[in-house]
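Reviewing the structure listed below.
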Amino acid sequence: MADTPSRPTEMTLAQARDALANGELSSKELTQAHVQAVESARQLKAYITETPERASTMAEAADARRQKGESRGPLDGVPIAIKDLFCTKDVLTTAGSHVLDGFTPPYESTVTSKLWDAGAVMLGKTNLDEFAMGSSNETSYYGAAENPWRRQGDNRPLVPGGSSGGSASAVAARAALGATGTDTGGSIRQPAALTGITGLKPTYGRCSRFGIVAFASSLDQAGPMARTVRDCAILLGGMAGFDDNDGTSVDTPVPDYEAALTGDIRGLKVGIPKEYRVDGMPREIEELWQQGLDWLKDAGAEPVEISLPRTHYALPAYYIIAPAEASSNLARYDGVRFGLRETAGSSLDEMYEATRAAGFGDEVKRRVLIGTYVLSAGYYDAYYNKARKVRTLIAQDFAEAYKQCDVILAPTSPNAAFGVGELADDPIAMYLNDVFTVPASLAGLPALSVPAGLDASGLPLGLQLIGRAFDEETVLRAGEVMEKAANFTAEPAFVAGR
Amino acid sequence: MAVDKDTVAGIAKLARIKVDDAEQEALTKELSNILGWIDELGELDTEGVQPMTSVVEVQHSLRKDVIKDGDRQDDILKNAPESKQGYFVVPRVVE
C-alpha cells in the first residue's frame, strides 16, 4: 500500500480507518478537514445540504467511544456523504426535486441508520438528478453538480455523470472519504466511471430500500462509492443486510467483504460478452477493455468468450419498466402530505395538476408520461408486459453465461465525461450512456466500476465487473486485482484544499 | 409508435400534470421518438415467456401481522403544506 498522505482528506477510507485505530488521528481532526474540504469544493455543487454541526457532534461521539475502548468498527468516526435520495431524520431531503421543497423526514432510511450505528459521520447530502432520473446530474432542481475533472487544455465544465453525480464529484474531489449512491440503471457505476472513482451496485435485495425515495422499485439498489475497491468493501459492510421494513431485502448473512480481497484470482473464469462490442465504440474503450482482460489474465484468470444474446433489448425494456414504476411511485407527490403545493385553480384536481406541473422537471415529466402511457388500458400488454418478458430473457442470458464463467468484464460507460449541456436536448442519446450498465440492473446482479485508465483528452474511464447474484465478494476480489494492475493514480483538476 | 397531441393531453390528464399547449407540442415529438425507439422490442419473440415478477429467487417469508410503528400524528402532519386539527387540508371536494 502507498504511503499514508499527510492531508487527511487525501487518505483512502481504509487509511483513515487505520489512522483512527492507531491514534494518529482523531475523528474530530479528520472530520474538520473534511468539513473544510466540503466548503472549499462548493463550486462543484456536489452537496445540496451541508451538515457541519451534525458532523462535528458525531465525530466527538466517535472519539469519546474510541477513548473508552468502545469503537464500533471500521466506520467509526469516518466522514461520508449521503446521496440526497436517502431520508435522513430532521435533515432536508430533496431527491433533487422542487416538488419535495422543505421536506424533512420524520424517520431515517435503514441504510443511513446502519451507517450511523456503525459510527460513520455525516458530512451532508449530495446532489443528484431529479428523483435519480438522469445520467449527467443536469436534471437536478438544485443545479447540475460538476465533475472535478477537466479535459486537457480545456477548462469547460464537464458533467460528473448521474444520477449519483454529487456523491461521485464529492469523493473524486476529496470532499468525502466515501458516499452512498443508488443505482437503478447505472446511477452508481456510470458517475463512478466518469469521475475516476470506484462504485458498486450490490445485488438487488442486498441493501434495504426502506427510506430511499423510490424511483423504480424493482431496480433501485443502494451501494457504496469511494476511491478504492477496499473502501467500497468496507462501506458495503456497513450498508448491507436484511430489513423487516423492506419486503424485497434478502435475509442472508452479510460476509466480511474486506476479507474477500485476497488478491488471488487464479482460475477465475472471466466472461467477455461479445454483444457488448457495440458499433461505434471508441477505440480507446475497446483497448482498455482488452487491457483489463490482460491484467486479469496476468493474475491467473481465464478468459471465456460468452454470449448475452438479448443485450440489445435491455435498454428499451428498461425505458418501459423504469418509467412505469416511476409513474406509479411518483403519484404520491400531490401537494397534500409533503413538499410543494400550487393552489392555482379551485378544485382538488387542479391543485394536483398545478403542483405536479410546477414541481417536476422536464425529464421527470417525460418519464411519468411514458410510464402512464405504457401502463394505460390497451398498451399494458404491448409495452409493459412485453418489457417484463424481455427482462426474463435478459436474466436468462446471464444465468446461461454463469454456467461458463464466474464474473463478466465489460466497459462501464460508452464514453468519458461529456460537457455540461452537450446531451441535454437529446433524451435518447442520454439514455445510451447506460447501455452497459442497464442489463445487470434488469437481472438484479452485483456490478462494480473500477477506474482503469484515461482517454486521449485525459479523462477517466471505468471497467465494470458483473457477478452472480449475492456474489459481491468475487466482484470485489477481481476488482481489487484489476485496480492494482491499473495503478490509477491520475487526479482531477480540482482537489479540495490544494 | 407515434403519439398525437390529443393522446399526450390524455396521458397528462391521467398523470395529473398540467401541460400547456406549447409543452404538448414538444412532448408529442419527444414521446413519439422514445416510443419509436422502444418499439424495437417487437422484434424479439417472447411467445410463452413468463413476465418477470421478482428479480432474485428468494423464499418470501411470513411475518406476524402486528403494529410496529404508529401514534405519530405530529410527525406525519409535520411536512403537510396545510393541516388542521389533525387532518390534511385539501381544496373543497364536496359542495
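Labeling convention for the C-alpha cells: chains A, B, ... as they appear, residues from 1 per chain, ligands from 1 in order of appearance.
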>> Could you go through range 22-94 of chain B and tell me which residues DSSP, when run on the backbone, assigns to strand (DSSP E or B), listing them as a VMD selection string?
In response: chain B and resid 83 to 84 87 to 88
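Within 6 Å of chain A, counting only C-alpha atoms, chain B contributes B:Arg16, B:Ile17, B:Lys18, B:Ile38, B:Val49, B:Gln50, B:Pro51, B:Met52, B:Val55, B:Asp75, B:Asn79, B:Ala80, B:Pro91.
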>> Set the distance at 10 Å and use only C-alpha atoms: which residues neighbour Thr228 in chain A once local chain neighbours fewer than 5 positions away are removed? I'd like the list as a list in words.
In response: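 Here the answer would be Thr12, Leu13, Ala14, Leu177, Gly178, Ile197, Thr198, Gly199, Ala233, Val450, Pro451, Gly479, Glu480, Glu483, Lys484 and Phe488 of chain A.
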Atoms kept (N, CA and C atoms) for selection, written as a compact mmCIF listing (two decimals), in the first residue's frame:
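Result went into out_34.txt, see below:
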```txt
# COMPACT_ATOMS: atom_id res chain seq x y z
N THR A 12 -7.20 7.26 1.81
CA THR A 12 -8.33 6.41 1.47
C THR A 12 -9.11 6.18 2.75
N LEU A 13 -10.32 5.67 2.60
CA LEU A 13 -11.13 5.39 3.79
C LEU A 13 -10.41 4.37 4.68
N ALA A 14 -9.76 3.39 4.06
CA ALA A 14 -9.06 2.36 4.83
C ALA A 14 -7.88 2.97 5.59
N LEU A 177 -14.70 10.85 2.22
CA LEU A 177 -13.90 9.61 2.09
C LEU A 177 -14.66 8.56 1.30
N GLY A 178 -15.99 8.68 1.34
CA GLY A 178 -16.84 7.76 0.63
C GLY A 178 -18.23 8.33 0.64
N ILE A 197 -13.59 7.25 -9.92
CA ILE A 197 -13.67 6.59 -8.61
C ILE A 197 -14.28 5.20 -8.78
N THR A 198 -14.50 4.53 -7.65
CA THR A 198 -15.00 3.16 -7.65
C THR A 198 -16.42 3.15 -7.11
N GLY A 199 -17.29 2.38 -7.73
CA GLY A 199 -18.67 2.32 -7.24
C GLY A 199 -19.24 0.94 -7.44
N ALA A 233 -15.65 -1.99 -0.20
CA ALA A 233 -15.93 -3.21 0.56
C ALA A 233 -16.27 -2.86 2.01
N VAL A 450 -14.55 0.16 -11.79
CA VAL A 450 -13.21 0.46 -11.29
C VAL A 450 -12.53 1.40 -12.29
N PRO A 451 -11.91 2.49 -11.82
CA PRO A 451 -11.20 3.37 -12.76
C PRO A 451 -10.01 2.63 -13.34
N GLY A 479 -12.05 -7.06 -8.75
CA GLY A 479 -11.92 -5.61 -8.89
C GLY A 479 -10.63 -5.09 -8.26
N GLU A 480 -10.30 -5.64 -7.12
CA GLU A 480 -9.09 -5.17 -6.45
C GLU A 480 -7.83 -5.57 -7.23
N GLU A 483 -7.66 -3.18 -10.06
CA GLU A 483 -7.27 -1.86 -9.54
C GLU A 483 -5.75 -1.78 -9.34
N LYS A 484 -5.22 -2.84 -8.77
CA LYS A 484 -3.77 -2.87 -8.51
C LYS A 484 -2.99 -2.81 -9.82
N PHE A 488 -4.21 3.29 -11.05
CA PHE A 488 -4.80 4.55 -11.47
C PHE A 488 -4.46 5.64 -10.45
```
> as a VMD selection string, which residues of range 376-487 of chain A does DSSP assign to helix (DSSP H, G or I)?
Replying inline: chain A and resid 380 to 401 427 to 434 438 to 442 472 to 486
> So which residues touch range 24-31 of chain B within 7 Å, counting only C-alpha atoms, skipping near sequence neighbours fewer than 2 positions away, as JSON, numbers by chain?
Replying inline: {"A": [370], "B": [3, 4, 5, 8, 9, 19, 20, 21, 22, 33, 34, 35]}
> CA of Gly23 in chain A and CA of Gln67 in chain A, how far apart in Å?
Replying inline: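 Going from CA of Gln67 in chain A over to CA of Gly23 in chain A, I get 9.5 Å.
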